[in-house]
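Below is one structure, written out as C-alpha cells; the observations come after it.
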Amino acid sequence: MNSFTTPLLKWFQHSKRDLPWRQTTNPYLIWVSEIILQQTRVDQGISYYEKFIKTFPTLAHLANASFNDVLLVWQGLGYYRRAQNLHNSAKLIFNTLPFRFPSTYVELKKLDGIGDYTAAAIASIAFQEPVAAIDGNVMRVWSRVFCLSHPMNSPQLKKKCSEIMEPLLGEAHPGDINQALMELGATVCKPGDPMCDQCPLKQLCKAHQSGNQRSYPLKAPKPKTRTRFFLFLVNLHLRDQTPCIWIEQRGAGDIWQGLYQFPMIETNAPPDSESLAHIEHLTSMGLTEKPDIQKAVYVKHKLTHQTLHCWFINTNLEKPLTESCISLPMSETHRFAFPRPILNYLHTYLKPEIESDCTFC
DNA sequence: CATACGTGGAA
DNA sequence: TTTCCAAGTAT
C-alpha cells in the first residue's frame, strides 16, 4: 500500500461529509453534481443539486426538457453556459442509439462542458477508472505537500499533480482517492488557514514541516476587470387589464447568455445628460416623458472579470425597445430566468409595487 | 496560453 | 467596504 493513499483513505472514511451526491453511484447524478460544483462552493451547490434532480430525475427527463426550463432551475447559480452544455450533452447521449451513458474518461471528455477534471471525476467515481481528478483543492494539497512553486491554476501545477497522482491510482479505489484529496483540500488543507494538526498527510508534508504551509500554493495573478454601465428601462404597463413588463433575452457572446432582462442601454460612462438625451431620442418609440436619473435605483454588481454599474429607470415606454421584446405579465415572471441583479430588482421593487398600487389591482 | 464566464460567503 | 476565491471549461 502507498504511504499517501493509506492514511488518506482512512481519514476520508471517517471524516467525509454527508453530501447528497455521495449517496449514489448513478453516473447521471454524479455528472449533474460535478457540473454544478464547477467553480462553485458545496454550500451553494447543494440546494441547486436537490432542485435539479427533483426536476430532472433521469437523463431522459433532462433530454426531453426545454432549455428554458433547465435555465430556470439554474437561475442564480452563475456560469449559465453549464446549463446549456448539460442540456445539450443530455440530448446527445439520449438520442444516440443504442442509449448508453459514456463510461470512460475519453468518451466523457468529448461532451460539451466536460473537461479534464470532470471527465476524470465521473470516470473514477462512477466507473472506477484510475484517472486523476485535479481541481483547485487537489492542486493546493500537492502544492503544499511538495512545496511546488507554480502558481495556482497554472498548467504547470496541474501537470505536476497529474504526475504525482498517476502511481497512486493504480491499485484500488480511484474514486475515493480523488474525492479524499478534494475533501482534504476543502475541509482541512484550506486556502487561508490550513488545519495541519488534523491532516492525515502532515508527516509527509514539506510545507507543514518547514512551517510554510501559508506560503503555498503561489497566488495566481488577479484577473483584469472592465467596467460597464447598464441602463435598464423598467416599464410597468397594463395590457388587457393585466400588469406587464417588457423583457428581452440576452444573446450569445456576452454575460448572462440566454437569460432575460429589462430592455437595456449600455453606455461608456455613468448616465449623464448625453445618455439621457439618447434615451429621450427614444421618444419615437413611445417614450413621452424624460426619465429622471435621480429617481433611478442604482446597483453595483461584480463579476469575476467585470464590474457592472446598473441603473433601473422607470419609463413610460409604450412600445417595445426592440423587435425581440416581450410584454410579460408580472404573474408570469417566475417562468423566465433572470440574472441576479434583475431578479433582485423584480422582487424588491416591482412585486411590492404591484401589490400596493391600486391601479394595478 | 491567457482570458472570459456568476455568485455569494468569509475574512 | 473590499478582497478573495470555490469540486473548471471553452476558445
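Please note that chains go A, B, ... in the order of the C-alpha cells, that every chain numbers its residues from 1, and that ligands are numbered from 1 in the order shown.
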
*Compile the residues of chain A that lie within 6 Å of chain C, evaluated using only C-alpha atoms (C1' of nucleotides), and express the compilation as number ranges by chain.*
A: 37-41, 113, 115

Convert the current residue selection to file output with N, CA and C atoms, as a JSON list (two decimals), in the first residue's frame.
[["chain", "number", "residue", "atom", "x", "y", "z"],
["A", 37, "LEU", "N", -20.84, 21.74, -9.32],
["A", 37, "LEU", "CA", -19.76, 22.10, -8.40],
["A", 37, "LEU", "C", -18.56, 22.76, -9.09],
["A", 38, "GLN", "N", -18.61, 22.89, -10.41],
["A", 38, "GLN", "CA", -17.51, 23.58, -11.10],
["A", 38, "GLN", "C", -17.45, 25.03, -10.63],
["A", 39, "GLN", "N", -16.34, 25.42, -10.05],
["A", 39, "GLN", "CA", -16.13, 26.80, -9.57],
["A", 39, "GLN", "C", -17.22, 27.25, -8.61],
["A", 40, "THR", "N", -17.82, 26.29, -7.91],
["A", 40, "THR", "CA", -18.95, 26.62, -7.04],
["A", 40, "THR", "C", -18.78, 25.91, -5.71],
["A", 41, "ARG", "N", -19.03, 26.65, -4.63],
["A", 41, "ARG", "CA", -18.89, 26.06, -3.30],
["A", 41, "ARG", "C", -19.97, 25.02, -3.05],
["A", 113, "GLY", "N", -18.87, 20.77, -21.99],
["A", 113, "GLY", "CA", -18.89, 21.11, -20.57],
["A", 113, "GLY", "C", -18.11, 20.15, -19.70],
["A", 115, "GLY", "N", -14.46, 18.73, -19.10],
["A", 115, "GLY", "CA", -13.05, 18.87, -19.37],
["A", 115, "GLY", "C", -12.25, 17.80, -18.64]]

Proximity check chain B to chain A, 6 Å, nearest pairs one decimal Å, only C-alpha atoms (C1' of nucleotides), as a tab-separated table:
residue	atom	partner	partner_atom	distance
B:DC5	C1'	A:Tyr79	CA	5.7
B:DG6	C1'	A:Gly78	CA	3.7
B:DT7	C1'	A:Gly78	CA	5.8

Can those selected residues be exported to a file as a compact mmCIF listing (two decimals), in the first residue's frame so that it contains N, CA and C atoms (P, O5', C5', C4', C3', O3' and C1' of nucleotides)?
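Just written: selection_4.txt:
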# COMPACT_ATOMS: atom_id res chain seq x y z
P DC B 5 -17.37 37.74 -20.55
O5' DC B 5 -17.97 36.50 -19.76
C5' DC B 5 -18.42 35.38 -20.53
C4' DC B 5 -18.66 34.23 -19.61
C3' DC B 5 -19.50 34.58 -18.36
O3' DC B 5 -20.62 33.72 -18.30
C1' DC B 5 -17.62 33.28 -17.79
P DG B 6 -21.83 34.13 -17.37
O5' DG B 6 -21.09 34.38 -15.97
C5' DG B 6 -21.53 35.38 -15.12
C4' DG B 6 -22.45 34.80 -14.06
C3' DG B 6 -23.02 35.82 -13.07
O3' DG B 6 -24.27 35.32 -12.65
C1' DG B 6 -21.55 34.35 -11.94
P DT B 7 -25.25 36.19 -11.75
O5' DT B 7 -24.86 35.72 -10.29
C5' DT B 7 -25.10 34.37 -9.95
C4' DT B 7 -24.47 34.06 -8.62
C3' DT B 7 -24.72 35.10 -7.51
O3' DT B 7 -25.69 34.53 -6.64
C1' DT B 7 -22.50 34.23 -7.49

*Within 12 Å of Asn68 of chain A, counting only C-alpha atoms (C1' of nucleotides), which residues show up once you throw out same-chain ones fewer than 4 positions away? Write them as JSON, numbers by chain, please.*
{"A": [62, 64, 72, 73, 74, 75, 80, 83, 84, 87, 249, 257, 258, 259, 260, 334, 335, 336, 337, 338]}

Go ahead and dump the residues you just picked, N, CA, C and O atoms, as a PDB file, in the first residue's frame.
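As written to disk, again_4.pdb reads:
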ATOM      1  N   LEU A  62     -34.134  15.179 -18.439  1.00  0.00           N
ATOM      2  CA  LEU A  62     -33.334  16.340 -18.832  1.00  0.00           C
ATOM      3  C   LEU A  62     -33.313  16.499 -20.352  1.00  0.00           C
ATOM      4  O   LEU A  62     -33.484  17.601 -20.873  1.00  0.00           O
ATOM      5  N   ASN A  64     -35.462  15.603 -22.499  1.00  0.00           N
ATOM      6  CA  ASN A  64     -36.766  15.965 -23.055  1.00  0.00           C
ATOM      7  C   ASN A  64     -37.292  17.308 -22.561  1.00  0.00           C
ATOM      8  O   ASN A  64     -38.370  17.743 -22.964  1.00  0.00           O
ATOM      9  N   LEU A  72     -34.097  27.859 -15.966  1.00  0.00           N
ATOM     10  CA  LEU A  72     -34.876  28.318 -14.820  1.00  0.00           C
ATOM     11  C   LEU A  72     -34.388  27.679 -13.525  1.00  0.00           C
ATOM     12  O   LEU A  72     -34.288  28.330 -12.490  1.00  0.00           O
ATOM     13  N   VAL A  73     -34.064  26.388 -13.591  1.00  0.00           N
ATOM     14  CA  VAL A  73     -33.543  25.699 -12.406  1.00  0.00           C
ATOM     15  C   VAL A  73     -32.143  26.219 -12.061  1.00  0.00           C
ATOM     16  O   VAL A  73     -31.745  26.247 -10.901  1.00  0.00           O
ATOM     17  N   TRP A  74     -31.417  26.642 -13.090  1.00  0.00           N
ATOM     18  CA  TRP A  74     -30.027  27.113 -12.900  1.00  0.00           C
ATOM     19  C   TRP A  74     -29.982  28.565 -12.428  1.00  0.00           C
ATOM     20  O   TRP A  74     -28.944  29.061 -11.996  1.00  0.00           O
ATOM     21  N   GLN A  75     -31.103  29.267 -12.526  1.00  0.00           N
ATOM     22  CA  GLN A  75     -31.164  30.695 -12.220  1.00  0.00           C
ATOM     23  C   GLN A  75     -30.512  31.021 -10.868  1.00  0.00           C
ATOM     24  O   GLN A  75     -30.864  30.429  -9.859  1.00  0.00           O
ATOM     25  N   TYR A  80     -23.808  30.287 -16.647  1.00  0.00           N
ATOM     26  CA  TYR A  80     -25.006  29.681 -17.225  1.00  0.00           C
ATOM     27  C   TYR A  80     -24.730  28.783 -18.424  1.00  0.00           C
ATOM     28  O   TYR A  80     -25.584  28.001 -18.826  1.00  0.00           O
ATOM     29  N   ALA A  83     -25.426  25.132 -17.857  1.00  0.00           N
ATOM     30  CA  ALA A  83     -26.775  24.600 -18.047  1.00  0.00           C
ATOM     31  C   ALA A  83     -27.003  24.236 -19.509  1.00  0.00           C
ATOM     32  O   ALA A  83     -27.587  23.195 -19.829  1.00  0.00           O
ATOM     33  N   GLN A  84     -26.522  25.111 -20.384  1.00  0.00           N
ATOM     34  CA  GLN A  84     -26.633  24.856 -21.817  1.00  0.00           C
ATOM     35  C   GLN A  84     -25.889  23.581 -22.202  1.00  0.00           C
ATOM     36  O   GLN A  84     -26.418  22.715 -22.908  1.00  0.00           O
ATOM     37  N   HIS A  87     -27.565  20.401 -20.858  1.00  0.00           N
ATOM     38  CA  HIS A  87     -28.760  20.076 -21.626  1.00  0.00           C
ATOM     39  C   HIS A  87     -28.389  19.500 -23.002  1.00  0.00           C
ATOM     40  O   HIS A  87     -28.926  18.471 -23.419  1.00  0.00           O
ATOM     41  N   GLN A 249     -34.470  38.749 -24.262  1.00  0.00           N
ATOM     42  CA  GLN A 249     -33.499  37.694 -23.966  1.00  0.00           C
ATOM     43  C   GLN A 249     -32.103  38.131 -24.387  1.00  0.00           C
ATOM     44  O   GLN A 249     -31.918  38.712 -25.451  1.00  0.00           O
ATOM     45  N   GLN A 257     -25.804  34.792 -21.018  1.00  0.00           N
ATOM     46  CA  GLN A 257     -26.353  34.284 -22.280  1.00  0.00           C
ATOM     47  C   GLN A 257     -27.620  33.459 -22.046  1.00  0.00           C
ATOM     48  O   GLN A 257     -27.635  32.529 -21.252  1.00  0.00           O
ATOM     49  N   GLY A 258     -28.670  33.838 -22.744  1.00  0.00           N
ATOM     50  CA  GLY A 258     -29.927  33.092 -22.673  1.00  0.00           C
ATOM     51  C   GLY A 258     -30.874  33.569 -21.588  1.00  0.00           C
ATOM     52  O   GLY A 258     -32.041  33.193 -21.566  1.00  0.00           O
ATOM     53  N   LEU A 259     -30.364  34.396 -20.663  1.00  0.00           N
ATOM     54  CA  LEU A 259     -31.238  34.894 -19.604  1.00  0.00           C
ATOM     55  C   LEU A 259     -31.995  36.134 -20.070  1.00  0.00           C
ATOM     56  O   LEU A 259     -31.665  36.724 -21.102  1.00  0.00           O
ATOM     57  N   TYR A 260     -32.986  36.536 -19.296  1.00  0.00           N
ATOM     58  CA  TYR A 260     -33.822  37.678 -19.667  1.00  0.00           C
ATOM     59  C   TYR A 260     -33.482  38.905 -18.831  1.00  0.00           C
ATOM     60  O   TYR A 260     -32.962  38.800 -17.722  1.00  0.00           O
ATOM     61  N   HIS A 334     -42.056  34.231 -13.024  1.00  0.00           N
ATOM     62  CA  HIS A 334     -41.398  33.042 -12.466  1.00  0.00           C
ATOM     63  C   HIS A 334     -41.116  31.989 -13.535  1.00  0.00           C
ATOM     64  O   HIS A 334     -40.466  30.991 -13.262  1.00  0.00           O
ATOM     65  N   ARG A 335     -41.608  32.193 -14.746  1.00  0.00           N
ATOM     66  CA  ARG A 335     -41.353  31.223 -15.823  1.00  0.00           C
ATOM     67  C   ARG A 335     -40.097  31.555 -16.624  1.00  0.00           C
ATOM     68  O   ARG A 335     -39.722  30.814 -17.532  1.00  0.00           O
ATOM     69  N   PHE A 336     -39.462  32.685 -16.306  1.00  0.00           N
ATOM     70  CA  PHE A 336     -38.274  33.090 -17.062  1.00  0.00           C
ATOM     71  C   PHE A 336     -37.076  33.249 -16.127  1.00  0.00           C
ATOM     72  O   PHE A 336     -37.232  33.620 -14.965  1.00  0.00           O
ATOM     73  N   ALA A 337     -35.900  32.935 -16.653  1.00  0.00           N
ATOM     74  CA  ALA A 337     -34.686  33.037 -15.850  1.00  0.00           C
ATOM     75  C   ALA A 337     -34.064  34.422 -16.007  1.00  0.00           C
ATOM     76  O   ALA A 337     -33.877  34.900 -17.128  1.00  0.00           O
ATOM     77  N   PHE A 338     -33.763  35.066 -14.875  1.00  0.00           N
ATOM     78  CA  PHE A 338     -33.166  36.399 -14.874  1.00  0.00           C
ATOM     79  C   PHE A 338     -31.819  36.374 -14.157  1.00  0.00           C
ATOM     80  O   PHE A 338     -31.619  35.595 -13.230  1.00  0.00           O
TER      81      PHE A 338
END

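Note that the spacing between atom CA of Pro270 of chain A and atom CA of Thr227 of chain A amounts to 10.3 Å.
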
*as an MDAnalysis selection string, list the residues of segment 129-319 of chain A assigned to strand (DSSP E) by DSSP on the backbone atoms of this structure.*
chainID A and resid 226:234 236:239 242:249 260:261 264:267 297:302 306:314

*asked:* Please identify the alpha helix (DSSP H) residues within segment 35-117 of chain A (assignment by DSSP from backbone atoms) and present them as a PyMOL selection string.
replied: chain A and resi 35-36+42-55+59-64+67-74+81-95+105-109+116-117

_Residue among A:Leu108, A:Leu236, A:Ala172, A:Ala180 lying closest to Leu350 of chain A, counting only C-alpha atoms_ = A:Leu236
